[in-house]
$ cat coords-v5.cif   # mmCIF, C-alpha atoms
data_start
loop_
_atom_site.label_atom_id
_atom_site.label_comp_id
_atom_site.auth_asym_id
_atom_site.auth_seq_id
_atom_site.Cartn_x
_atom_site.Cartn_y
_atom_site.Cartn_z
CA MET A 20 198.24 -136.99 135.59
CA ARG A 21 196.48 -135.18 138.41
CA LEU A 22 195.81 -131.46 138.14
CA ILE A 23 196.68 -129.22 141.10
CA GLN A 24 195.95 -125.50 141.20
CA VAL A 25 198.30 -123.35 143.28
CA ASN A 26 197.12 -119.97 144.60
CA LEU A 27 198.88 -118.74 147.73
CA GLN A 28 197.39 -115.24 147.84
CA LEU A 29 195.99 -114.08 151.18
CA SER A 30 193.60 -111.41 149.90
CA PHE A 31 190.77 -111.74 147.38
CA GLY A 32 191.44 -110.15 144.02
CA GLY A 33 191.24 -110.80 140.30
CA GLY A 34 193.48 -113.87 140.44
CA GLU A 35 191.26 -115.42 143.08
CA VAL A 36 188.12 -114.69 141.06
CA TYR A 37 189.89 -116.44 138.20
CA THR A 38 190.66 -119.42 140.42
CA LEU A 39 186.98 -119.72 141.36
CA PHE A 40 185.71 -119.72 137.80
CA LEU A 41 188.49 -121.97 136.56
CA SER A 42 187.52 -124.42 139.31
CA LYS A 43 183.90 -124.37 138.16
CA ALA A 44 184.97 -124.85 134.53
CA LEU A 45 187.16 -127.83 135.46
CA ALA A 46 184.29 -129.42 137.35
CA ALA A 47 181.95 -128.85 134.40
CA ALA A 48 184.49 -130.60 132.16
CA ASP A 49 184.78 -133.61 134.52
CA ILE A 50 188.40 -132.78 135.30
CA PRO A 51 189.20 -133.39 138.99
CA PHE A 52 191.71 -131.15 140.70
CA ASP A 53 193.28 -130.31 144.05
CA LEU A 54 193.92 -126.80 145.34
CA VAL A 55 196.94 -125.48 147.26
CA VAL A 56 196.28 -122.38 149.37
CA HIS A 57 197.90 -120.40 152.16
CA PRO A 58 196.82 -121.46 155.70
CA GLN A 59 195.75 -117.89 156.51
CA ALA A 60 193.79 -117.32 153.31
CA GLN A 61 190.06 -116.95 153.87
CA TRP A 62 188.81 -116.32 150.35
CA TRP A 63 188.53 -119.98 149.37
CA ARG A 64 186.66 -120.81 152.61
CA THR A 65 183.80 -118.47 151.73
CA HIS A 66 183.33 -119.76 148.18
CA ASP A 67 182.21 -123.11 146.86
CA ILE A 68 185.31 -124.60 145.23
CA PRO A 69 184.78 -128.16 143.94
CA ALA A 70 188.34 -129.31 144.71
CA GLN A 71 188.87 -132.95 145.61
CA GLN A 72 191.39 -131.96 148.26
CA ILE A 73 192.72 -128.74 149.79
CA HIS A 74 196.44 -128.58 150.58
CA LEU A 75 198.00 -125.90 152.79
CA ALA A 76 201.31 -124.25 151.95
CA THR A 77 202.79 -121.13 153.51
CA THR A 78 205.28 -120.65 150.68
CA ALA A 79 205.64 -122.12 147.21
CA GLU A 80 208.65 -124.09 148.48
CA ASP A 81 206.25 -126.06 150.69
CA LEU A 82 205.02 -127.76 147.53
CA LEU A 83 208.09 -129.97 147.75
CA GLY A 84 206.73 -131.38 151.02
CA LEU A 85 203.24 -132.20 149.79
CA PRO A 86 202.29 -135.87 149.35
CA LEU A 87 202.53 -135.82 145.56
CA ASN A 88 203.58 -139.41 144.93
CA GLU A 89 203.20 -139.33 141.19
CA PRO A 90 203.85 -136.74 138.47
CA CYS A 91 201.16 -134.01 138.37
CA TRP A 92 200.26 -130.96 136.38
CA LEU A 93 200.82 -128.02 138.73
CA LEU A 94 198.80 -125.00 137.58
CA PHE A 95 200.15 -121.82 139.18
CA HIS A 96 198.30 -118.52 139.44
CA GLY A 97 201.40 -116.36 139.21
CA PRO A 98 205.00 -117.51 138.68
CA ALA A 99 207.06 -119.34 141.29
CA HIS A 100 210.83 -119.08 141.67
CA PRO A 101 212.74 -120.78 138.82
CA THR A 102 214.81 -122.79 141.31
CA LEU A 103 211.63 -124.28 142.78
CA ASN A 104 210.30 -125.02 139.32
CA ALA A 105 213.47 -126.89 138.44
CA ALA A 106 213.12 -129.01 141.60
CA LEU A 107 209.48 -129.80 140.79
CA LYS A 108 210.29 -130.71 137.20
CA ALA A 109 213.09 -132.96 138.43
CA ARG A 110 210.40 -134.98 140.22
CA GLY A 111 208.52 -135.46 136.97
CA HIS A 112 205.88 -132.76 137.42
CA LYS A 113 204.59 -130.64 134.54
CA LEU A 114 204.19 -126.93 135.21
CA ALA A 115 201.63 -124.50 133.83
CA CYS A 116 200.95 -120.90 134.80
CA PHE A 117 198.09 -118.49 134.38
CA VAL A 118 199.63 -115.13 133.53
CA HIS A 119 197.49 -112.53 135.29
CA LEU A 120 199.78 -109.56 134.60
CA PRO A 121 201.25 -108.19 131.37
CA LEU A 122 205.02 -108.23 130.85
CA TYR A 123 205.12 -104.43 130.72
CA GLN A 124 208.18 -103.40 132.77
CA ARG A 125 208.48 -107.02 133.96
CA SER A 126 211.02 -109.72 133.27
CA ALA A 127 209.92 -112.73 131.26
CA GLU A 128 212.56 -114.97 132.83
CA SER A 129 210.31 -116.33 135.59
CA PHE A 130 208.00 -117.81 132.92
CA ARG A 131 210.59 -119.51 130.72
CA ASN A 132 210.70 -122.91 132.43
CA TYR A 133 206.95 -123.53 132.39
CA ASP A 134 205.59 -126.21 130.08
CA ARG A 135 202.47 -124.16 129.31
CA LEU A 136 201.43 -120.54 129.81
CA PHE A 137 197.84 -119.31 129.71
CA ALA A 138 197.23 -115.61 129.04
CA VAL A 139 194.08 -113.87 130.30
CA SER A 140 193.94 -111.44 127.35
CA SER A 141 195.37 -110.91 123.88
CA TYR A 142 197.42 -108.06 125.34
CA VAL A 143 199.12 -110.42 127.80
CA LEU A 144 199.48 -113.11 125.12
CA GLN A 145 201.19 -110.72 122.72
CA GLY A 146 203.72 -109.79 125.38
CA LEU A 147 204.54 -113.46 125.99
CA ILE A 148 204.98 -114.11 122.26
CA GLU A 149 207.20 -111.06 121.82
CA ALA A 150 209.37 -112.36 124.67
CA GLY A 151 209.86 -115.61 122.80
CA LEU A 152 207.74 -117.72 125.15
CA THR A 153 206.54 -120.19 122.55
CA GLN A 154 204.81 -122.37 125.16
CA ALA A 155 202.06 -119.74 125.45
CA TRP A 156 198.65 -121.23 124.59
CA PRO A 157 197.44 -119.35 121.49
CA PRO A 158 193.86 -118.27 122.40
CA PRO A 159 193.53 -115.93 125.40
CA LEU A 160 191.23 -117.41 128.02
CA TYR A 161 189.76 -114.08 129.18
CA GLY A 162 187.58 -114.38 132.28
CA VAL A 163 184.10 -114.23 133.79
CA ALA A 164 182.47 -111.54 135.91
CA HIS A 165 182.12 -112.40 139.59
CA LEU A 166 178.68 -111.00 140.41
CA ALA A 167 177.25 -113.74 142.62
CA ARG A 168 178.30 -112.07 145.86
CA PRO A 169 176.32 -111.56 149.07
CA ALA A 170 173.70 -108.85 148.64
CA GLU A 171 173.09 -106.07 151.15
CA PRO A 172 169.95 -107.14 153.07
CA ASP A 173 168.39 -103.67 152.98
CA GLY A 174 169.61 -102.81 149.49
CA LYS A 175 171.72 -99.90 150.71
CA ILE A 176 175.36 -99.05 150.10
CA ARG A 177 177.35 -97.99 153.15
CA ARG A 178 180.91 -96.85 153.55
CA GLY A 179 183.22 -99.82 154.11
CA ASN A 180 186.90 -100.31 154.84
CA ILE A 181 189.03 -97.98 152.75
CA TYR A 182 192.40 -99.50 153.64
CA ASP A 183 193.94 -102.91 152.98
CA TRP A 184 196.54 -103.18 155.71
CA ASP A 185 199.97 -104.55 154.76
CA VAL A 186 201.09 -106.38 157.91
CA ARG A 187 204.73 -106.21 156.77
CA LYS A 188 204.71 -102.52 157.72
CA VAL A 189 204.58 -101.30 161.32
CA ARG A 190 202.09 -98.54 160.48
CA ASP A 191 199.77 -100.97 158.74
CA ARG A 192 200.03 -103.59 161.49
CA LEU A 193 198.91 -100.91 163.95
CA GLY A 194 196.09 -99.86 161.63
CA LYS A 195 194.90 -103.44 161.21
CA TRP A 196 194.94 -103.93 164.98
CA LEU A 197 193.09 -100.68 165.73
CA THR A 198 190.46 -100.87 162.98
CA PRO A 199 188.27 -103.62 164.59
CA ILE A 200 188.35 -101.64 167.85
CA VAL A 201 187.89 -98.11 166.58
CA THR A 202 185.38 -98.76 163.77
CA PRO A 203 182.53 -100.15 165.93
CA LEU A 204 182.96 -97.29 168.40
CA ALA A 205 182.93 -94.71 165.62
CA ASN A 206 179.87 -96.31 164.02
CA ALA A 207 178.06 -96.28 167.35
CA ILE A 208 178.65 -92.55 167.66
CA SER A 209 178.04 -91.76 164.00
CA PRO A 210 176.73 -94.54 161.70
CA PRO A 211 178.56 -94.85 158.38
CA PRO A 212 177.00 -92.75 155.63
CA THR A 213 174.58 -94.35 153.18
CA PHE A 214 175.08 -93.81 149.48
CA SER A 215 172.53 -91.81 147.54
CA LYS A 216 172.95 -90.88 143.93
CA ARG A 217 173.30 -87.16 143.31
CA SER A 218 171.96 -85.12 140.40
CA GLY A 219 174.11 -84.95 137.33
CA ILE A 220 176.34 -87.66 135.86
CA THR A 221 177.79 -90.27 138.22
CA ILE A 222 181.16 -91.70 137.24
CA GLY A 223 182.45 -94.46 139.50
CA VAL A 224 185.64 -96.35 140.20
CA VAL A 225 184.93 -99.93 141.33
CA SER A 226 188.29 -101.49 141.97
CA ARG A 227 190.99 -102.27 144.45
CA ILE A 228 193.17 -99.19 144.70
CA THR A 229 196.49 -100.75 143.80
CA PRO A 230 199.64 -99.56 141.99
CA ILE A 231 198.68 -101.63 138.94
CA LYS A 232 195.67 -99.38 138.32
CA GLN A 233 197.80 -96.18 138.47
CA PHE A 234 194.95 -94.07 139.83
CA PRO A 235 197.21 -91.30 141.21
CA THR A 236 198.77 -90.82 137.76
CA LEU A 237 195.38 -90.96 136.05
CA PHE A 238 193.77 -88.41 138.34
CA ALA A 239 196.78 -86.10 138.19
CA SER A 240 195.96 -85.84 134.47
CA ILE A 241 192.16 -85.65 134.54
CA ALA A 242 191.21 -84.05 137.90
CA PRO A 243 191.64 -80.51 136.49
CA VAL A 244 189.30 -81.49 133.65
CA LEU A 245 186.74 -82.95 136.07
CA ARG A 246 186.79 -79.64 137.93
CA GLU A 247 185.43 -77.92 134.80
CA PHE A 248 182.24 -80.03 134.85
CA ALA A 249 180.15 -79.23 137.92
CA ASN A 250 177.48 -81.74 136.85
CA ILE A 251 179.86 -84.72 137.06
CA ASN A 252 180.33 -86.55 140.36
CA LEU A 253 183.05 -89.08 141.14
CA GLU A 254 182.36 -92.02 143.45
CA ILE A 255 185.20 -94.38 144.42
CA PHE A 256 184.34 -97.89 145.60
CA GLY A 257 187.21 -100.07 146.73
CA SER A 258 190.03 -100.34 149.21
CA GLY A 259 193.79 -100.18 148.90
CA GLY A 260 197.07 -99.85 150.71
CA TYR A 261 197.64 -96.76 152.80
CA ALA A 262 200.07 -95.17 150.34
CA SER A 263 197.88 -95.92 147.30
CA VAL A 264 194.81 -94.34 148.93
CA ARG A 265 196.85 -91.38 150.15
CA ASP A 266 198.33 -90.71 146.72
CA THR A 267 194.94 -91.10 145.02
CA ARG A 268 193.42 -88.55 147.39
CA ALA A 269 196.30 -86.15 146.74
CA ALA A 270 195.85 -86.43 142.97
CA LEU A 271 192.17 -85.53 143.38
CA ALA A 272 192.98 -82.29 145.22
CA PRO A 273 191.77 -80.06 142.32
CA ILE A 274 188.19 -81.20 142.92
CA ALA A 275 188.39 -82.17 146.60
CA ASP A 276 187.82 -78.56 147.70
CA THR A 277 184.28 -78.76 146.30
CA PRO A 278 182.07 -80.56 148.88
CA ASN A 279 181.05 -84.07 147.82
CA ARG A 280 182.46 -83.83 144.28
CA VAL A 281 184.42 -86.99 145.10
CA ARG A 282 183.50 -89.55 147.76
CA PHE A 283 185.33 -92.68 148.94
CA TRP A 284 183.10 -95.63 149.87
CA GLY A 285 185.65 -98.32 150.63
CA GLN A 286 185.34 -102.02 149.99
CA GLN A 287 181.93 -103.30 148.90
CA THR A 288 180.52 -106.80 148.72
CA ASP A 289 177.41 -106.24 146.61
CA VAL A 290 179.10 -104.83 143.50
CA ARG A 291 176.04 -105.44 141.33
CA LEU A 292 174.19 -102.92 143.51
CA VAL A 293 177.07 -100.48 143.10
CA TYR A 294 177.11 -100.73 139.30
CA GLN A 295 173.38 -100.06 139.20
CA GLN A 296 174.01 -96.67 140.84
CA LEU A 297 176.60 -95.56 138.26
CA ASP A 298 176.14 -93.90 134.92
CA TYR A 299 179.66 -94.91 133.88
CA LEU A 300 182.54 -96.98 135.20
CA LEU A 301 185.97 -95.33 134.97
CA THR A 302 189.02 -97.57 134.61
CA GLY A 303 192.59 -96.92 135.63
CA LEU A 304 195.46 -96.62 133.14
CA PRO A 305 196.00 -99.53 130.77
CA GLU A 306 199.55 -100.75 130.39
CA LYS A 307 199.91 -102.59 133.73
CA GLU A 308 196.39 -104.05 133.54
CA ALA A 309 196.00 -107.60 132.21
CA LEU A 310 192.24 -107.77 131.67
CA GLY A 311 190.07 -105.77 134.08
CA LEU A 312 187.34 -107.96 135.49
CA ASN A 313 185.53 -104.85 136.74
CA VAL A 314 185.14 -103.76 133.12
CA ILE A 315 183.44 -107.06 132.31
CA GLU A 316 181.30 -106.90 135.46
CA ALA A 317 180.06 -103.39 134.70
CA GLN A 318 179.06 -104.21 131.14
CA LEU A 319 177.17 -107.33 132.23
CA CYS A 320 175.26 -105.11 134.69
CA GLY A 321 174.33 -102.67 131.93
CA THR A 322 176.82 -99.99 132.98
CA PRO A 323 178.96 -98.51 130.17
CA VAL A 324 182.70 -98.02 130.63
CA LEU A 325 185.01 -95.06 130.12
CA ALA A 326 188.58 -96.20 129.44
CA PRO A 327 191.80 -95.16 127.69
CA ASN A 328 191.92 -96.44 124.13
CA ALA A 329 194.63 -99.08 124.56
CA PRO A 330 194.89 -102.80 125.35
CA PRO A 331 193.47 -104.51 127.26
CA PHE A 332 190.53 -102.07 127.39
CA SER A 333 190.31 -101.93 123.60
CA GLU A 334 189.67 -105.71 123.80
CA THR A 335 187.08 -105.64 126.56
CA VAL A 336 185.14 -102.47 125.62
CA HIS A 337 183.28 -102.15 122.33
CA HIS A 338 183.58 -98.44 121.59
CA ALA A 339 180.27 -96.60 121.28
CA HIS A 340 178.41 -99.82 122.11
CA THR A 341 179.46 -100.86 125.62
CA GLY A 342 181.46 -97.76 126.51
CA TYR A 343 183.60 -94.93 125.23
CA LEU A 344 187.34 -95.09 124.68
CA PHE A 345 189.40 -91.89 124.91
CA GLU A 346 192.99 -90.97 124.18
CA ASP A 347 195.40 -91.63 127.03
CA PRO A 348 195.36 -88.32 128.96
CA ARG A 349 199.13 -88.47 129.45
CA LYS A 350 199.58 -88.29 125.69
CA ASP A 351 197.18 -85.50 124.73
CA GLY A 352 196.97 -83.40 127.89
CA ALA A 353 193.51 -84.89 128.60
CA HIS A 354 191.98 -83.15 125.57
CA GLY A 355 190.25 -86.36 124.51
CA PHE A 356 188.86 -86.89 128.00
CA ARG A 357 187.61 -83.28 128.08
CA SER A 358 185.89 -83.74 124.71
CA LEU A 359 184.29 -86.96 125.96
CA LEU A 360 182.89 -85.26 129.07
CA GLN A 361 181.57 -82.39 126.95
CA ASN A 362 179.74 -84.79 124.66
CA LEU A 363 178.33 -86.75 127.60
CA SER A 364 177.24 -83.57 129.38
CA ASN A 365 175.50 -81.95 126.42
CA GLY A 366 173.85 -85.16 125.25
CA ASN A 367 175.77 -85.53 121.98
CA TYR A 368 176.77 -89.02 123.10
CA ALA A 369 173.95 -91.39 123.94
CA HIS A 370 173.88 -93.16 127.29
CA LEU A 371 174.58 -96.70 126.17
CA ASN A 372 172.77 -99.86 127.20
CA THR A 373 175.58 -102.40 127.19
CA LEU A 374 173.11 -105.28 127.34
CA ASN A 375 172.13 -104.55 123.75
CA ASP A 376 175.53 -105.81 122.58
CA GLN A 377 175.12 -109.48 123.43
CA ALA A 378 177.63 -110.54 120.77
CA HIS A 379 180.37 -108.66 122.62
CA LEU A 380 179.27 -109.77 126.08
CA ALA A 381 179.06 -113.42 125.03
CA LYS A 382 182.86 -113.50 124.76
CA PHE A 383 182.95 -113.16 128.56
CA SER A 384 180.13 -115.58 129.34
CA GLU A 385 180.66 -118.55 131.61
CA SER A 386 179.70 -121.00 128.85
CA GLN A 387 182.33 -119.67 126.43
CA PHE A 388 184.93 -119.51 129.22
CA ASN A 389 184.20 -123.15 130.05
CA ALA A 390 184.64 -124.11 126.40
CA ARG A 391 188.00 -122.30 126.22
CA VAL A 392 189.17 -123.98 129.43
CA LEU A 393 188.18 -127.43 128.14
CA GLN A 394 190.12 -126.83 124.93
CA ALA A 395 193.14 -125.61 126.92
CA MET A 396 193.09 -128.61 129.27
CA ASP A 397 192.83 -130.97 126.32
CA GLY A 398 196.14 -129.50 125.22
CA LEU A 399 197.94 -130.60 128.42
CA GLU A 400 199.83 -133.79 127.71
CA GLY A 401 198.84 -136.68 129.95
CA LEU A 402 195.94 -134.91 131.72
CA GLN A 403 192.92 -137.20 131.66
CA PRO A 404 189.34 -136.22 132.58
CA ALA A 405 187.52 -138.25 135.21
CA SER A 406 184.87 -140.75 134.15
CA THR A 407 182.33 -139.20 136.52
CA LYS A 408 181.43 -135.58 137.11
CA VAL A 409 183.03 -133.86 140.07
CA ALA A 410 180.44 -132.99 142.73
CA THR A 411 179.75 -129.28 143.08
#
$ encode --input "coords-v5.cif" --output "structure tokens"
Amino acid sequence: MRLIQVNLQLSFGGGEVYTLFLSKALAAADIPFDLVVHPQAQWWRTHDIPAQQIHLATTAEDLLGLPLNEPCWLLFHGPAHPTLNAALKARGHKLACFVHLPLYQRSAESFRNYDRLFAVSSYVLQGLIEAGLTQAWPPPLYGVAHLARPAEPDGKIRRGNIYDWDVRKVRDRLGKWLTPIVTPLANAISPPPTFSKRSGITIGVVSRITPIKQFPTLFASIAPVLREFANINLEIFGSGGYASVRDTRAALAPIADTPNRVRFWGQQTDVRLVYQQLDYLLTGLPEKEALGLNVIEAQLCGTPVLAPNAPPFSETVHHAHTGYLFEDPRKDGAHGFRSLLQNLSNGNYAHLNTLNDQAHLAKFSESQFNARVLQAMDGLEGLQPASTKVAT
């Protein structure tokens, strides 16, 4: 049976990073595959994906019109509608799905009619098992850091786009239309600022600013504590929807009245350069997060992580070795976070070199990911590897 990946996302996020590395792992295992993408998606065009063929589909329902003349394994990145799945299975296709989000506050029903489910963390896997989804593949597949991105030619970090425009909204459609016109004019008058690290401790957010991360709720809890530590600076790298950015800014009001205590730098391409400028990476809140590729990226760049002590971060961060875990600030009034900052500020806690913990980092290496993928694909009934290696 042929293998066909389906990823219809327009923007580039964690699921798309996963698609890239899964594609490389399939090629390394001599397993040919096709890829189905949205016609307007650009992310796959700018990355080397060793697919045998690219198919275009505006909606998942368009899969029914693709020239699939024999039963295939369709590997979805995110669930499709159960009615569509039933129609595909009626044609003899087998369906698998990578589960990139935990089932927290989500229905499990959309996953029930898949033949195989692959979880990206033990946290996600446990949720599937608790929901009675016995077709979940037992080992979590985790993921790989995506650090091979275009570098800034002069090695400098400049402010990028802060907003991801949602074209379904009139306000955002106007913003998306105006940005390419206004931004060059504004830059001509006043070039975008260049990042320089300030004295003290630099804590950074490197993430898309999305509801899943819950940054407004996090900062509502910890911004008053950050205000107490004048030697700690907050740098936010990433873009998000208008409402998410607005609410994040509002939650940071307790420290926003102090000049440059918190700065927004927008979307960045060279994230390795960004991590090198940080003393610590700060995560969002845990329960809606499936894995956190930024956590893995930071640790592989030598940057320790500060995160609430809960899955999935308790899986991906080795406490006191690759970062520090603290009590969820919503549960203890941010007392644990305050204690952590005190210990970092007065030197009671060492500044960690995450690269010293190679045993932990190896779990997220490309070689181990490839081995897990090969084992998972061997478990798909009727899927046969090619006799020759797929060209990359």
$ atom_distance --input "coords-v5.cif" --atom1 "CA of Val55 in chain A" --atom2 "CA of Lys232 in chain A"
27.6 Å
$ closest_residue --input "coords-v5.cif" --among "A:Ile222, A:Ala60, A:Leu304, A:Ala105" --to "Asn250 in chain A" --atoms "all atoms listed in the file"
A:Ile222
$ residues_around --input "coords-v5.cif" --residues "Glu254 in chain A" --least-positions-apart "2" --cutoff "12 Å" --atoms "only C-alpha atoms" --output "ChimeraX atom specification"
/A:176,178,214-217,220-226,251-252,256-257,271,275,279-285,293-294,296-301
$ residues_near_point --input "coords-v5.cif" --point "(178.6, -117.5, 133.8)" --cutoff "9 Å" --atoms "only C-alpha atoms" --output "PDB file with C-alpha atoms, keeping the file's coordinate frame"
ATOM      1  CA  PHE A  40     185.710-119.720 137.800  1.00  0.00           C
ATOM      2  CA  VAL A 163     184.100-114.230 133.790  1.00  0.00           C
ATOM      3  CA  ALA A 164     182.470-111.540 135.910  1.00  0.00           C
ATOM      4  CA  HIS A 165     182.120-112.400 139.590  1.00  0.00           C
ATOM      5  CA  PHE A 383     182.950-113.160 128.560  1.00  0.00           C
ATOM      6  CA  SER A 384     180.130-115.580 129.340  1.00  0.00           C
ATOM      7  CA  GLU A 385     180.660-118.550 131.610  1.00  0.00           C
ATOM      8  CA  SER A 386     179.700-121.000 128.850  1.00  0.00           C
ATOM      9  CA  GLN A 387     182.330-119.670 126.430  1.00  0.00           C
ATOM     10  CA  PHE A 388     184.930-119.510 129.220  1.00  0.00           C
ATOM     11  CA  ASN A 389     184.200-123.150 130.050  1.00  0.00           C
TER      12      ASN A 389
END
$ residues_around --input "coords-v5.cif" --residues "range 68-78 of chain A" --least-positions-apart "2" --cutoff "10 Å" --atoms "all atoms listed in the file" --output "number ranges by chain"
A: 23-28, 38-47, 51-60, 63-66, 80-86, 99, 409-411
$ atom_distance --input "coords-v5.cif" --atom1 "CA of Val118 in chain A" --atom2 "CA of Gln154 in chain A"
12.2 Å
$ resolve_selection --input "coords-v5.cif" --expression "the PyMOL selection byres ((chain A and resi 233) around 9)" --output "list in words"
Ile228, Thr229, Pro230, Ile231, Lys232, Phe234, Pro235, Thr236, Leu237, Phe238, Ser263, Thr267, Gly303, Leu304, Pro305 and Lys307 of chain A
$ closest_residue --input "coords-v5.cif" --among "A:Ala339, A:Leu136, A:Met396, A:Ala353" --to "Pro243 in chain A" --atoms "only C-alpha atoms"
A:Ala353
$ residues_around --input "coords-v5.cif" --residues "Asp173 in chain A" --least-positions-apart "4" --cutoff "12 Å" --atoms "only C-alpha atoms" --output "list in words"
Pro169, Arg177, Thr213, Asp289 and Leu292 of chain A
$ resolve_selection --input "coords-v5.cif" --expression "the PyMOL selection byres ((chain A and resi 357-361) around 9)" --output "PDB file with C-alpha atoms, keeping the file's coordinate frame"
ATOM      1  CA  ILE A 241     192.160 -85.650 134.540  1.00  0.00           C
ATOM      2  CA  VAL A 244     189.300 -81.490 133.650  1.00  0.00           C
ATOM      3  CA  LEU A 245     186.740 -82.950 136.070  1.00  0.00           C
ATOM      4  CA  GLU A 247     185.430 -77.920 134.800  1.00  0.00           C
ATOM      5  CA  PHE A 248     182.240 -80.030 134.850  1.00  0.00           C
ATOM      6  CA  ILE A 251     179.860 -84.720 137.060  1.00  0.00           C
ATOM      7  CA  TYR A 343     183.600 -94.930 125.230  1.00  0.00           C
ATOM      8  CA  LEU A 344     187.340 -95.090 124.680  1.00  0.00           C
ATOM      9  CA  PHE A 345     189.400 -91.890 124.910  1.00  0.00           C
ATOM     10  CA  ALA A 353     193.510 -84.890 128.600  1.00  0.00           C
ATOM     11  CA  HIS A 354     191.980 -83.150 125.570  1.00  0.00           C
ATOM     12  CA  GLY A 355     190.250 -86.360 124.510  1.00  0.00           C
ATOM     13  CA  PHE A 356     188.860 -86.890 128.000  1.00  0.00           C
ATOM     14  CA  ASN A 362     179.740 -84.790 124.660  1.00  0.00           C
ATOM     15  CA  LEU A 363     178.330 -86.750 127.600  1.00  0.00           C
ATOM     16  CA  SER A 364     177.240 -83.570 129.380  1.00  0.00           C
ATOM     17  CA  ASN A 365     175.500 -81.950 126.420  1.00  0.00           C
ATOM     18  CA  GLY A 366     173.850 -85.160 125.250  1.00  0.00           C
ATOM     19  CA  ASN A 367     175.770 -85.530 121.980  1.00  0.00           C
ATOM     20  CA  TYR A 368     176.770 -89.020 123.100  1.00  0.00           C
TER      21      TYR A 368
END
$ residues_around --input "coords-v5.cif" --residues "His338 in chain A" --least-positions-apart "5" --cutoff "12 Å" --atoms "all atoms listed in the file" --output "compact mmCIF listing (two decimals) with C-alpha atoms, in the coordinates of the input"
# COMPACT_ATOMS: atom_id res chain seq x y z
CA PRO A 323 178.96 -98.51 130.17
CA VAL A 324 182.70 -98.02 130.63
CA LEU A 325 185.01 -95.06 130.12
CA ALA A 326 188.58 -96.20 129.44
CA PRO A 327 191.80 -95.16 127.69
CA ASN A 328 191.92 -96.44 124.13
CA ALA A 329 194.63 -99.08 124.56
CA PHE A 332 190.53 -102.07 127.39
CA SER A 333 190.31 -101.93 123.60
CA TYR A 343 183.60 -94.93 125.23
CA LEU A 344 187.34 -95.09 124.68
CA PHE A 345 189.40 -91.89 124.91
CA TYR A 368 176.77 -89.02 123.10
CA LEU A 371 174.58 -96.70 126.17
CA THR A 373 175.58 -102.40 127.19
CA ASP A 376 175.53 -105.81 122.58
CA HIS A 379 180.37 -108.66 122.62
$ atom_distance --input "coords-v5.cif" --atom1 "CA of Ala150 in chain A" --atom2 "CA of Phe31 in chain A"
29.4 Å
